[in-house]
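**Q** Quick one, upload.txt (compact mmCIF, C-alpha atoms):
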# COMPACT_ATOMS: atom_id res chain seq x y z
CA MET A 1 0.00 0.00 0.00
CA LYS A 2 1.18 3.46 -0.81
CA LYS A 3 -1.10 4.96 1.80
CA ALA A 4 -3.09 3.28 4.52
CA ASN A 5 -6.59 3.96 5.77
CA ILE A 6 -6.77 3.53 9.49
CA ASN A 7 -9.30 4.00 12.26
CA LEU A 8 -8.12 5.48 15.51
CA ILE A 9 -9.82 6.58 18.68
CA VAL A 10 -7.90 9.56 19.96
CA ASN A 11 -8.87 11.13 23.26
CA GLY A 12 -12.24 9.41 23.00
CA LYS A 13 -13.02 10.65 19.49
CA GLU A 14 -13.12 8.39 16.42
CA TYR A 15 -11.07 9.27 13.36
CA LYS A 16 -10.76 7.74 9.91
CA ILE A 17 -7.39 8.83 8.62
CA THR A 18 -5.30 8.15 5.53
CA VAL A 19 -1.64 7.94 6.48
CA GLU A 20 1.65 7.76 4.61
CA PRO A 21 3.74 4.56 4.99
CA ASP A 22 6.49 6.35 6.91
CA GLU A 23 4.13 8.46 9.01
CA ARG A 24 4.76 7.96 12.69
CA LEU A 25 2.01 8.17 15.28
CA LEU A 26 3.77 11.34 16.42
CA ASP A 27 3.30 12.89 12.94
CA THR A 28 -0.34 11.85 12.71
CA LEU A 29 -1.13 13.34 16.11
CA ARG A 30 0.71 16.60 15.56
CA ASP A 31 0.28 17.30 11.87
CA ARG A 32 -3.12 15.78 11.08
CA LEU A 33 -4.98 16.07 14.37
CA HIS A 34 -3.10 19.17 15.56
CA LEU A 35 -2.49 17.68 18.97
CA THR A 36 0.74 19.60 19.47
CA GLY A 37 0.95 18.74 23.14
CA VAL A 38 2.78 15.67 21.86
CA LYS A 39 6.37 16.89 21.53
CA GLU A 40 9.13 15.72 19.23
CA GLY A 41 12.48 15.66 20.99
CA CYS A 42 15.08 13.09 20.00
CA SER A 43 13.01 11.06 17.46
CA ILE A 44 14.77 7.85 18.53
CA GLY A 45 13.00 6.82 21.71
CA GLU A 46 15.43 8.27 24.20
CA CYS A 47 13.77 11.42 25.55
CA GLY A 48 10.13 10.46 26.03
CA ALA A 49 8.78 13.89 25.05
CA CYS A 50 6.45 12.19 22.55
CA THR A 51 5.01 9.72 25.07
CA VAL A 52 1.33 8.90 24.61
CA ILE A 53 -0.83 6.08 25.93
CA LEU A 54 -1.50 3.51 23.20
CA ASP A 55 -4.05 0.84 24.11
CA GLY A 56 -3.36 1.43 27.78
CA LYS A 57 0.44 1.44 27.61
CA ALA A 58 2.91 4.31 27.59
CA VAL A 59 4.80 4.34 24.28
CA ASN A 60 7.09 6.66 22.38
CA SER A 61 4.93 7.88 19.50
CA CYS A 62 8.12 8.45 17.46
CA MET A 63 8.70 4.69 17.40
CA VAL A 64 5.32 3.56 16.06
CA TYR A 65 4.16 3.84 12.47
CA SER A 66 0.51 4.83 12.24
CA PHE A 67 -0.22 2.11 9.66
CA GLN A 68 0.71 -0.46 12.32
CA ILE A 69 -2.00 0.53 14.79
CA ASP A 70 -5.28 0.46 12.90
CA GLY A 71 -8.14 0.15 15.42
CA SER A 72 -6.15 1.36 18.40
CA GLU A 73 -6.98 3.82 21.11
CA VAL A 74 -4.66 6.71 21.87
CA LEU A 75 -4.64 9.13 24.79
CA THR A 76 -2.58 12.32 24.60
CA VAL A 77 -2.08 15.11 27.11
CA GLU A 78 -4.99 16.96 25.50
CA GLY A 79 -7.26 14.12 26.57
CA LEU A 80 -6.39 14.30 30.26
CA GLU A 81 -8.78 17.15 30.98
CA THR A 82 -12.41 16.15 31.48
CA ASN A 83 -15.28 18.66 31.19
CA GLY A 84 -12.92 21.58 31.54
CA LYS A 85 -11.37 20.14 34.69
CA LEU A 86 -7.68 19.29 34.74
CA ASP A 87 -6.57 15.79 35.65
CA PRO A 88 -5.34 15.48 39.27
CA LEU A 89 -1.87 14.83 37.84
CA GLN A 90 -1.96 18.13 35.95
CA GLU A 91 -3.13 19.95 39.09
CA ALA A 92 -0.34 18.33 41.08
CA PHE A 93 2.31 19.35 38.52
CA ILE A 94 1.13 22.96 38.89
CA ASP A 95 0.96 22.82 42.70
CA HIS A 96 4.44 21.29 43.01
CA GLN A 97 5.98 23.57 40.41
CA ALA A 98 6.97 20.48 38.46
CA VAL A 99 7.11 22.51 35.24
CA GLN A 100 10.02 24.68 34.15
CA CYS A 101 10.36 24.99 30.39
CA GLY A 102 7.44 22.58 29.97
CA PHE A 103 8.76 20.61 27.00
CA CYS A 104 8.97 17.30 28.85
CA THR A 105 5.73 17.87 30.79
CA PRO A 106 3.22 16.22 28.40
CA GLY A 107 5.39 13.11 28.16
CA MET A 108 5.94 13.02 31.92
CA LEU A 109 2.21 13.34 32.51
CA MET A 110 1.39 10.52 30.12
CA SER A 111 3.99 8.19 31.64
CA ALA A 112 2.60 8.99 35.08
CA LYS A 113 -0.98 8.52 33.88
CA ALA A 114 -0.17 5.10 32.40
CA LEU A 115 1.47 4.08 35.67
CA LEU A 116 -1.47 5.13 37.84
CA LYS A 117 -3.92 3.34 35.54
CA GLU A 118 -2.08 0.07 36.07
CA ASN A 119 -0.88 0.62 39.60
CA PRO A 120 -2.90 3.20 41.59
CA TYR A 121 -0.58 3.04 44.62
CA PRO A 122 2.98 2.94 43.29
CA GLU A 123 6.07 3.19 45.49
CA ARG A 124 8.54 5.99 44.87
CA THR A 125 10.86 3.58 43.04
CA GLU A 126 8.00 2.49 40.78
CA ILE A 127 7.28 6.13 39.96
CA LYS A 128 10.92 6.65 39.05
CA THR A 129 10.90 3.55 36.84
CA ALA A 130 7.74 4.75 35.10
CA ILE A 131 9.36 8.04 34.12
CA GLU A 132 12.87 6.70 33.49
CA GLY A 133 12.28 7.07 29.76
CA ASN A 134 11.41 10.77 30.10
CA LEU A 135 14.21 13.30 30.12
CA CYS A 136 13.85 16.71 31.76
CA ARG A 137 16.61 19.02 30.53
CA CYS A 138 15.74 21.48 33.30
CA THR A 139 16.46 18.60 35.71
CA GLY A 140 13.35 19.19 37.80
CA TYR A 141 12.87 15.50 38.58
CA GLN A 142 12.41 15.97 42.32
CA GLN A 143 9.31 18.12 41.90
CA ILE A 144 7.93 15.82 39.21
CA VAL A 145 8.26 12.73 41.40
CA GLU A 146 6.76 14.61 44.35
CA ALA A 147 3.84 15.78 42.21
CA ILE A 148 3.05 12.21 41.15
CA GLU A 149 3.46 10.98 44.73
CA SER A 150 1.02 13.60 45.98
CA VAL A 151 -1.69 12.31 43.64
CA VAL A 152 -1.15 8.81 45.04
CA LYS A 153 -1.39 10.09 48.64
CA ASN A 154 -4.47 12.20 47.95
CA LYS A 155 -6.37 9.12 46.81
CA ASP A 156 -6.75 7.99 50.42
CA MET B 1 15.37 9.51 3.23
CA ILE B 2 14.44 5.85 3.06
CA GLU B 3 11.26 5.39 1.04
CA PHE B 4 9.24 2.24 1.40
CA GLU B 5 5.82 0.77 0.89
CA ALA B 6 4.03 -0.40 4.00
CA LEU B 7 2.62 -3.93 4.17
CA LYS B 8 0.63 -5.48 6.96
CA ALA B 9 0.29 -9.21 7.56
CA ASN B 10 -2.80 -10.51 9.34
CA SER B 11 -1.64 -14.11 9.43
CA LEU B 12 1.62 -16.04 9.40
CA ASP B 13 0.82 -17.43 5.93
CA GLU B 14 0.28 -13.95 4.58
CA ALA B 15 3.61 -12.80 6.00
CA LEU B 16 5.46 -15.83 4.61
CA ASP B 17 3.98 -15.17 1.16
CA VAL B 18 5.28 -11.61 1.28
CA LEU B 19 8.76 -12.82 2.26
CA VAL B 20 8.82 -15.29 -0.66
CA GLU B 21 7.66 -12.65 -3.09
CA LYS B 22 9.71 -9.65 -1.96
CA LYS B 23 12.87 -11.46 -0.86
CA ASP B 24 15.64 -9.10 0.25
CA LYS B 25 13.54 -6.04 -0.57
CA VAL B 26 11.43 -6.46 2.56
CA LYS B 27 12.19 -5.89 6.25
CA MET B 28 9.93 -6.83 9.13
CA VAL B 29 8.80 -4.62 11.97
CA SER B 30 6.81 -5.16 15.12
CA GLY B 31 7.66 -3.07 18.21
CA GLY B 32 9.82 -0.84 16.04
CA THR B 33 12.18 0.19 18.84
CA ASP B 34 15.23 -0.71 16.73
CA MET B 35 13.78 -0.49 13.22
CA LEU B 36 12.43 3.05 13.47
CA VAL B 37 15.76 4.26 14.83
CA GLN B 38 17.58 2.61 11.92
CA ILE B 39 15.17 4.15 9.43
CA HIS B 40 15.56 7.55 11.12
CA HIS B 41 19.34 7.26 10.89
CA GLU B 42 19.09 5.97 7.30
CA SER B 43 21.15 2.96 8.24
CA GLU B 44 23.30 1.35 5.53
CA ASP B 45 21.79 -2.00 6.47
CA LEU B 46 18.45 -0.88 5.06
CA LYS B 47 19.83 -0.16 1.61
CA GLY B 48 17.59 -1.83 -0.94
CA MET B 49 14.62 -2.05 1.41
CA ASN B 50 11.48 -1.23 -0.59
CA PHE B 51 8.89 -2.75 1.71
CA LEU B 52 8.30 -2.72 5.42
CA LEU B 53 6.14 -5.60 6.61
CA ASP B 54 4.32 -5.12 9.90
CA ILE B 55 3.99 -8.46 11.68
CA SER B 56 2.75 -7.07 15.00
CA SER B 57 -0.86 -8.22 14.49
CA ILE B 58 -0.17 -11.81 13.48
CA PRO B 59 -2.20 -14.02 15.84
CA GLY B 60 -0.37 -16.77 17.70
CA LEU B 61 3.08 -15.20 17.63
CA GLY B 62 2.87 -13.65 21.09
CA GLY B 63 2.42 -14.86 24.62
CA ILE B 64 4.30 -16.91 27.18
CA GLU B 65 3.41 -20.57 27.72
CA ASP B 66 4.48 -23.36 30.02
CA LYS B 67 5.28 -26.36 27.83
CA GLY B 68 6.34 -28.75 30.56
CA LYS B 69 10.08 -29.02 30.00
CA TYR B 70 10.49 -25.59 28.51
CA MET B 71 8.91 -22.17 28.37
CA LYS B 72 7.66 -20.90 25.04
CA LEU B 73 8.14 -17.21 24.42
CA GLY B 74 6.24 -16.04 21.37
CA ALA B 75 8.49 -13.95 19.14
CA LEU B 76 6.14 -10.98 19.56
CA CYS B 77 6.12 -11.19 23.35
CA THR B 78 7.18 -7.80 24.75
CA HIS B 79 9.81 -7.14 27.40
CA ASN B 80 7.17 -5.93 29.83
CA GLU B 81 5.15 -9.10 29.29
CA ILE B 82 8.21 -11.04 30.44
CA ILE B 83 8.57 -8.77 33.48
CA ASP B 84 4.88 -9.09 34.41
CA SER B 85 4.69 -12.85 33.84
CA GLN B 86 4.06 -14.94 36.94
CA LEU B 87 5.49 -17.97 35.15
CA VAL B 88 8.79 -16.25 34.29
CA ASN B 89 8.99 -14.95 37.83
CA GLU B 90 8.60 -18.43 39.25
CA LYS B 91 10.78 -20.35 36.86
CA LEU B 92 13.28 -18.18 34.98
CA GLN B 93 14.01 -15.11 37.05
CA ILE B 94 17.19 -14.23 35.20
CA LEU B 95 15.06 -13.47 32.13
CA GLN B 96 13.12 -10.99 34.18
CA GLN B 97 16.33 -9.42 35.50
CA ALA B 98 17.54 -9.02 31.92
CA ALA B 99 14.24 -7.62 30.63
CA GLN B 100 14.06 -5.09 33.46
CA VAL B 101 17.25 -3.32 32.37
CA ILE B 102 16.18 -2.86 28.75
CA GLY B 103 15.55 0.72 27.62
CA SER B 104 12.69 2.43 29.39
CA THR B 105 9.07 1.63 30.25
CA GLN B 106 8.02 2.91 26.82
CA ILE B 107 10.57 0.72 25.04
CA ARG B 108 9.76 -2.33 27.16
CA ASN B 109 6.08 -1.87 26.26
CA ARG B 110 6.83 -2.14 22.54
CA GLY B 111 10.10 -4.02 22.08
CA THR B 112 9.82 -7.76 21.50
CA VAL B 113 11.88 -10.86 22.21
CA GLY B 114 12.02 -11.69 18.51
CA GLY B 115 13.16 -8.18 17.69
CA ASN B 116 15.85 -8.18 20.37
CA ILE B 117 17.25 -11.45 19.01
CA ASN B 118 16.93 -10.71 15.29
CA ASN B 119 18.49 -7.28 15.55
CA ALA B 120 21.46 -9.27 16.87
CA SER B 121 23.19 -6.43 18.64
CA PRO B 122 26.18 -7.77 20.61
CA ALA B 123 24.76 -5.78 23.53
CA ALA B 124 21.23 -7.22 23.40
CA ASP B 125 20.20 -7.66 27.03
CA LEU B 126 17.92 -10.68 26.63
CA VAL B 127 20.30 -12.61 24.39
CA THR B 128 22.98 -12.91 27.09
CA ALA B 129 20.49 -14.45 29.52
CA LEU B 130 18.87 -16.64 26.86
CA ILE B 131 22.23 -18.12 25.79
CA ALA B 132 23.01 -18.92 29.43
CA LEU B 133 19.63 -20.65 29.59
CA GLU B 134 20.55 -22.64 26.45
CA ALA B 135 17.51 -21.35 24.58
CA SER B 136 16.69 -22.30 21.03
CA VAL B 137 14.71 -20.50 18.36
CA VAL B 138 12.09 -21.74 15.91
CA LEU B 139 12.06 -20.41 12.36
CA GLN B 140 9.20 -20.92 9.98
CA SER B 141 9.29 -20.65 6.22
CA LYS B 142 6.56 -21.44 3.71
CA HIS B 143 7.37 -25.16 3.61
CA GLU B 144 9.71 -25.78 6.51
CA LYS B 145 10.09 -25.31 10.21
CA ARG B 146 13.49 -25.57 11.85
CA GLU B 147 14.91 -25.19 15.30
CA LEU B 148 18.43 -24.24 16.25
CA SER B 149 20.21 -23.05 19.34
CA LEU B 150 20.34 -19.31 19.91
CA SER B 151 24.15 -19.36 19.98
CA GLU B 152 24.14 -20.87 16.50
CA PHE B 153 21.47 -18.47 15.31
CA VAL B 154 23.39 -15.28 16.12
CA THR B 155 26.36 -15.56 13.80
CA GLY B 156 28.00 -12.16 14.23
CA PRO B 157 27.35 -8.56 15.19
CA TYR B 158 23.94 -7.74 13.66
CA CYS B 159 24.08 -11.00 11.66
CA THR B 160 21.90 -14.06 12.06
CA ASP B 161 21.32 -17.38 10.37
CA ARG B 162 17.77 -16.38 9.36
CA ASN B 163 17.00 -17.00 5.71
CA GLU B 164 15.13 -14.24 3.94
CA ASP B 165 11.98 -16.36 3.64
CA GLU B 166 11.86 -17.20 7.36
CA ILE B 167 10.08 -15.72 10.36
CA MET B 168 11.07 -16.44 13.92
CA THR B 169 7.93 -17.71 15.59
CA GLU B 170 9.08 -18.67 19.07
CA VAL B 171 11.92 -18.98 21.52
CA LYS B 172 12.13 -22.17 23.58
CA VAL B 173 13.72 -21.76 26.97
CA PRO B 174 14.43 -25.02 28.83
CA TYR B 175 13.70 -24.89 32.54
CA ILE B 176 16.64 -25.26 34.85
CA GLN B 177 15.88 -28.05 37.28
CA GLY B 178 17.07 -28.29 40.85
CA GLU B 179 19.41 -26.12 42.86
CA TYR B 180 20.34 -23.46 40.32
CA PHE B 181 21.26 -19.88 41.09
CA GLU B 182 21.23 -16.98 38.65
CA ASN B 183 22.71 -13.54 38.48
CA TYR B 184 22.53 -10.82 35.83
CA GLN B 185 24.83 -7.81 35.63
CA LYS B 186 24.84 -4.83 33.29
CA VAL B 187 27.27 -1.95 33.03
CA LYS B 188 25.84 1.12 31.36
CA ARG B 189 26.52 4.81 31.10
CA ARG B 190 23.34 5.75 32.90
CA GLN B 191 20.52 4.02 34.69
CA ALA B 192 17.88 3.99 31.96
CA VAL B 193 17.67 3.97 28.16
CA ALA B 194 21.26 2.82 28.01
CA ILE B 195 22.91 0.26 25.77
CA ALA B 196 25.05 -2.19 27.72
CA ARG B 197 28.78 -1.49 27.81
CA ILE B 198 28.99 -5.05 29.03
CA ASN B 199 26.38 -7.45 30.32
CA LEU B 200 26.77 -10.78 32.02
CA ALA B 201 24.50 -13.70 32.80
CA VAL B 202 25.66 -16.37 35.24
CA ILE B 203 23.68 -19.50 35.97
CA THR B 204 25.09 -22.23 38.13
CA LYS B 205 24.06 -25.32 40.00
CA ILE B 206 25.37 -25.64 43.53
CA LYS B 207 25.98 -29.29 44.38
CA ASN B 208 27.56 -30.29 47.70
CA ASN B 209 28.60 -26.71 48.20
CA ARG B 210 30.49 -26.73 44.90
CA PHE B 211 29.83 -24.98 41.58
CA ASP B 212 28.49 -27.31 38.93
CA ASP B 213 27.24 -26.80 35.35
CA ILE B 214 28.08 -23.08 35.52
CA ARG B 215 27.27 -20.95 32.48
CA VAL B 216 29.08 -17.65 32.11
CA VAL B 217 27.85 -15.53 29.19
CA PHE B 218 29.12 -12.05 28.44
CA GLY B 219 27.45 -9.65 26.02
CA SER B 220 29.13 -6.69 24.36
CA ALA B 221 32.55 -8.09 25.27
CA THR B 222 32.92 -10.32 22.21
CA PRO B 223 31.44 -10.00 18.68
CA THR B 224 28.37 -11.93 19.82
CA ALA B 225 27.23 -12.86 23.31
CA MET B 226 28.92 -16.16 24.12
CA ARG B 227 29.86 -18.59 26.84
CA PHE B 228 33.30 -18.30 28.38
CA ARG B 229 34.04 -22.01 28.48
CA ASP B 230 37.57 -21.81 29.90
CA ILE B 231 36.35 -19.84 32.88
CA GLU B 232 33.42 -22.21 33.30
CA LYS B 233 35.85 -25.16 33.43
CA LYS B 234 37.95 -23.40 36.05
CA ILE B 235 34.94 -22.70 38.26
CA ASN B 236 33.12 -26.03 37.94
CA GLY B 237 33.90 -28.31 40.86
CA THR B 238 35.33 -25.52 43.02
CA GLU B 239 34.03 -25.23 46.56
CA LEU B 240 32.19 -21.99 47.24
CA ALA B 241 34.60 -20.90 49.99
CA GLU B 242 37.65 -21.66 47.89
CA ILE B 243 36.90 -19.45 44.90
CA ASN B 244 39.92 -17.31 44.04
CA TYR B 245 38.12 -14.23 42.76
CA GLU B 246 41.21 -12.26 41.76
CA LYS B 247 42.66 -15.06 39.69
CA LEU B 248 39.33 -15.75 38.00
CA ALA B 249 38.88 -12.08 37.19
CA GLN B 250 42.27 -12.00 35.51
CA LYS B 251 41.60 -15.17 33.53
CA THR B 252 38.24 -13.79 32.37
CA GLY B 253 39.94 -10.76 30.84
CA GLN B 254 42.44 -13.05 29.16
CA GLU B 255 39.75 -15.28 27.75
CA MET B 256 37.99 -12.23 26.28
CA ILE B 257 41.19 -11.09 24.57
CA GLY B 258 41.53 -14.62 23.22
CA PHE B 259 38.31 -14.01 21.29
CA THR B 260 38.72 -10.36 20.35
CA GLY B 261 42.44 -9.63 20.34
CA GLU B 262 43.65 -6.32 21.77
CA ARG B 263 41.14 -3.65 20.76
CA TRP B 264 40.79 0.05 21.56
CA SER B 265 38.31 -0.86 24.31
CA THR B 266 40.45 -3.60 25.86
CA PRO B 267 42.08 -1.49 28.62
CA TYR B 268 38.56 -0.75 29.87
CA LYS B 269 36.79 -4.03 29.19
CA LYS B 270 39.52 -6.39 30.43
CA PRO B 271 39.28 -5.41 34.12
CA VAL B 272 35.52 -4.82 33.90
CA VAL B 273 34.60 -8.32 32.70
CA GLY B 274 36.64 -9.72 35.59
CA ASN B 275 35.06 -7.44 38.13
CA LEU B 276 31.57 -8.21 36.86
CA LEU B 277 32.14 -11.94 37.18
CA LYS B 278 33.43 -11.41 40.73
CA ARG B 279 30.32 -9.41 41.55
CA ALA B 280 27.97 -12.02 40.07
CA LEU B 281 29.71 -14.92 41.84
CA ARG B 282 29.78 -13.08 45.16
CA ASN B 283 26.05 -12.40 44.85
CA ILE B 284 25.41 -16.08 44.18
CA VAL B 285 27.63 -17.20 47.08
CA LYS B 286 25.80 -14.76 49.37
CA GLU B 287 22.46 -16.10 48.18
CA VAL B 288 23.50 -19.72 48.81
CA GLN B 289 24.67 -18.96 52.34
Can you dump the structure from the file as structure tokens?
**A**
Amino acid sequence: MKKANINLIVNGKEYKITVEPDERLLDTLRDRLHLTGVKEGCSIGECGACTVILDGKAVNSCMVYSFQIDGSEVLTVEGLETNGKLDPLQEAFIDHQAVQCGFCTPGMLMSAKALLKENPYPERTEIKTAIEGNLCRCTGYQQIVEAIESVVKNKD
Amino acid sequence: MIEFEALKANSLDEALDVLVEKKDKVKMVSGGTDMLVQIHHESEDLKGMNFLLDISSIPGLGGIEDKGKYMKLGALCTHNEIIDSQLVNEKLQILQQAAQVIGSTQIRNRGTVGGNINNASPAADLVTALIALEASVVLQSKHEKRELSLSEFVTGPYCTDRNEDEIMTEVKVPYIQGEYFENYQKVKRRQAVAIARINLAVITKIKNNRFDDIRVVFGSATPTAMRFRDIEKKINGTELAEINYEKLAQKTGQEMIGFTGERWSTPYKKPVVGNLLKRALRNIVKEVQ
């Protein structure tokens, strides 16, 4: 196939999209659906800025071709907010000043979201493992880990 | 830029037909954690690739199964599936230790056993452990199915024995029976998303307080991950308390040079392979006592 027709559910909305063979999920999200919260950093799976949740799992959207994932469900940072209300993780990032330049933030949030979906009460080490594939060039890891921890604690 | 046509196989037969038809013009992809990087870097190895065949949706190629004497890992089984598997945790913990140090959560969610093996990087984390476990691989072509040991399958750095019409369907990992102990070590530049400078898998039986049937496999120290048989011979039969760590460490470095000759990395790798073996053996001795 020169181009592929795929169905995707992105942030709860259904899309029928025609994609190029070498179009990555990252490109589809940013360039076709204008979900620019998904960031392109290294393009080789090292920085995690492009992290989205694909069928329940955190993945680097720079390492998936869109033609591979027909019928899948994708959640991006834009889909975290519900009815105009930020996700508790987003609130916590603001409260803990876990954002400096903000470039890594969407990826960090999605890695954290995927973790909490699978494991609502993670230990600190599990939080660190969940975000080990997300680089923060501002090096604000402490605040990021604390923000995620606070969401876990506030569940009680 | 590498231009290619995308193909998607919905069954093994469909994929095998494509391989027969397109021959060396087609490459396969599933998790994509190596392939998309190679395409991004316009790797020389992809010269002549006109088609990219996605095999990630082929039914029956994934999963982990208990087959009595061995564990079957489907080629499309991901690293995180290995980590989360109760069966692996109970029976082949060293596989879990190896899978845990691969890449990052995102990479472990996508990367597959088959991909890790077929990419054939000398630093592949799973391969070191799988060779120590004496794993074999199953390859399927249109008319034939064959099985060979993983050490035979990986023939050189980024080279395998796979014919262009074959797909790896499964990896068979024999269970280790009885009093075996395992230890996995990895040296890397940083904690996560790091390719191994050196990795090491040690599996050994402890019989009457002595090492027996020890398997010492280094990755990234030699052109392909392989067993260090001379060192194994020296350790087998030795009583736990009588291990001469310093001497073994030295001999390990020498055995590596026997395979590789003196290379630019030798001044670093020679002491490190020795130290890693010491660390692994000490951990095992501690665990036994």
**Q** Figure out the distance between atom CA of Gly178 of chain B and atom CA of Asn209 of chain B, please, to one decimal in Å.
**A**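 These atoms are spaced 13.8 Å apart.
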**Q** List as a ChimeraX atom specification the protein and nucleic acid residues near Ile131 of chain A, meaning an atom at most 10 Å away when only C-alpha atoms are counted, but skip any in the same chain fewer than 3 places from it.
**A** /A:48,58,107-112,115,126-128,134-135,141,144-145 /B:104-106,192
**Q** Which residues are near Lys2 of chain A? Cut-off 7 Å, only C-alpha atoms, ignore same chain within fewer than 3 positions. Put them as a PyMOL selection string.
**A** (chain A and resi 20-21) or (chain B and resi 5-6)
**Q** Counting all atoms listed in the file, I want the residues whose atoms come within 12 Å of (4.9, 23.8, 36.9) in the file frame, returned as a list of chain:residue names.
**A**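 Within the cut-off we find A:Leu89, A:Gln90, A:Glu91, A:Ala92, A:Phe93, A:Ile94, A:Asp95, A:His96, A:Gln97, A:Ala98, A:Val99, A:Gln100, A:Cys101, A:Gly102, A:Phe103, A:Cys104, A:Thr105, A:Pro106, A:Met108, A:Leu109, A:Cys138, A:Gly140, A:Tyr141, A:Gln143, A:Ile144, A:Glu146, A:Ala147.
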**Q** Return the single residue from B:Pro267, B:Leu240, B:Ala132, B:Ile206 that is closest to Phe228 of chain B, with distances computed using only C-alpha atoms.
**A**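 For Phe228 of chain B, the nearest of the given residues is B:Ala132.
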**Q** Take atom CA of Glu78 of chain A and atom CA of Val151 of chain A and report the distance between them in Å, one decimal.
**A**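 If I compute the distance from atom CA of Glu78 of chain A to atom CA of Val151 of chain A, I get 19.0 Å.
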**Q** Please check which residues have atoms at most 6 Å from (8.2, 8.2, 15.7) in the file's coordinates, counting all atoms listed in the file, and write them as a list in words.
**A**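 Output: Arg24, Leu26, Ser43, Ser61, Cys62, Met63 and Val64 of chain A.
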**Q** Pick out the chain B residues within 9 Å of chain A. Count all atoms listed in the file. Give them as a PyMOL selection string.
**A** chain B and resi 2-8+30-38+40-41+52+54-57+103-110+191-194
**Q** For the atom pair atom CA of Ala123 of chain B and atom CA of Ala196 of chain B, what is the interatomic distance in Å to one decimal place?
**A**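 Between atom CA of Ala123 of chain B and atom CA of Ala196 of chain B the gap works out to 5.5 Å.
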**Q** With distances taken over all atoms listed in the file, which of B:Lys269, B:His79, B:Lys142, B:Arg190 is nearest to Gln250 of chain B?
**A**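 For Gln250 of chain B, the nearest of the candidates is B:Lys269.
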**Q** Please provide the set of residues having any atom within 9 Å of Glu182 of chain B, restricted to all atoms listed in the file, with same-chain residues fewer than 4 positions apart removed, written as a PDB file with C-alpha atoms, in the coordinates of the input.
**A**
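Okay, result.pdb is ready:
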ATOM      1  CA  LEU B  92      13.280 -18.180  34.980  1.00  0.00           C
ATOM      2  CA  GLN B  93      14.010 -15.110  37.050  1.00  0.00           C
ATOM      3  CA  ILE B  94      17.190 -14.230  35.200  1.00  0.00           C
ATOM      4  CA  ALA B 201      24.500 -13.700  32.800  1.00  0.00           C
ATOM      5  CA  VAL B 202      25.660 -16.370  35.240  1.00  0.00           C
ATOM      6  CA  ILE B 203      23.680 -19.500  35.970  1.00  0.00           C
ATOM      7  CA  THR B 204      25.090 -22.230  38.130  1.00  0.00           C
ATOM      8  CA  LYS B 205      24.060 -25.320  40.000  1.00  0.00           C
ATOM      9  CA  ALA B 280      27.970 -12.020  40.070  1.00  0.00           C
ATOM     10  CA  ILE B 284      25.410 -16.080  44.180  1.00  0.00           C
TER      11      ILE B 284
END
**Q** Need to verify the contact set: Ser66 of chain A, 7 Å, only C-alpha atoms, exclusion of same-chain residues closer than 6 positions in sequence. Can you return it as a PyMOL selection string?
**A** chain A and resi 19+23-25
**Q** Next, the residues of the selection above should be written as a short mmCIF file (atom, residue, chain, number, x, y, z; two decimals), in the frame of the given file with C-alpha atoms.
**A**
data_model
loop_
_atom_site.label_atom_id
_atom_site.label_comp_id
_atom_site.auth_asym_id
_atom_site.auth_seq_id
_atom_site.Cartn_x
_atom_site.Cartn_y
_atom_site.Cartn_z
CA VAL A 19 -1.64 7.94 6.48
CA GLU A 23 4.13 8.46 9.01
CA ARG A 24 4.76 7.96 12.69
CA LEU A 25 2.01 8.17 15.28
#
**Q** Applying 7 Å and all atoms listed in the file, which residues near Thr252 of chain B remain after dropping the ones on its own chain fewer than 6 positions away? List them as an mmCIF file with C-alpha atoms, keeping the file's coordinate frame.
**A**
data_model
loop_
_atom_site.group_PDB
_atom_site.id
_atom_site.type_symbol
_atom_site.label_atom_id
_atom_site.label_comp_id
_atom_site.auth_asym_id
_atom_site.auth_seq_id
_atom_site.Cartn_x
_atom_site.Cartn_y
_atom_site.Cartn_z
ATOM 1 C CA ILE B 231 36.350 -19.840 32.880
ATOM 2 C CA VAL B 273 34.600 -8.320 32.700
ATOM 3 C CA GLY B 274 36.640 -9.720 35.590
#
**Q** With all atoms listed in the file as the atoms that count, which of B:Asn283, B:Tyr245, B:Ile176, B:Thr128 lies nearest to Thr222 of chain B?
**A** B:Thr128
**Q** Measuring between all atoms listed in the file, which one of A:Thr76, A:Gly56, A:Leu29, A:Arg137 shows the shortest distance to Leu116 of chain A?
**A**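 Of all the options, A:Gly56 lies closest to Leu116 of chain A.
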**Q** A:Asp55, A:Gly12, A:Gly79, A:Tyr121: which is nearest Leu35 of chain A, counting only C-alpha atoms?
**A**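 Looking only at the distances to Leu35 of chain A, the closest residue turns out to be A:Gly79.
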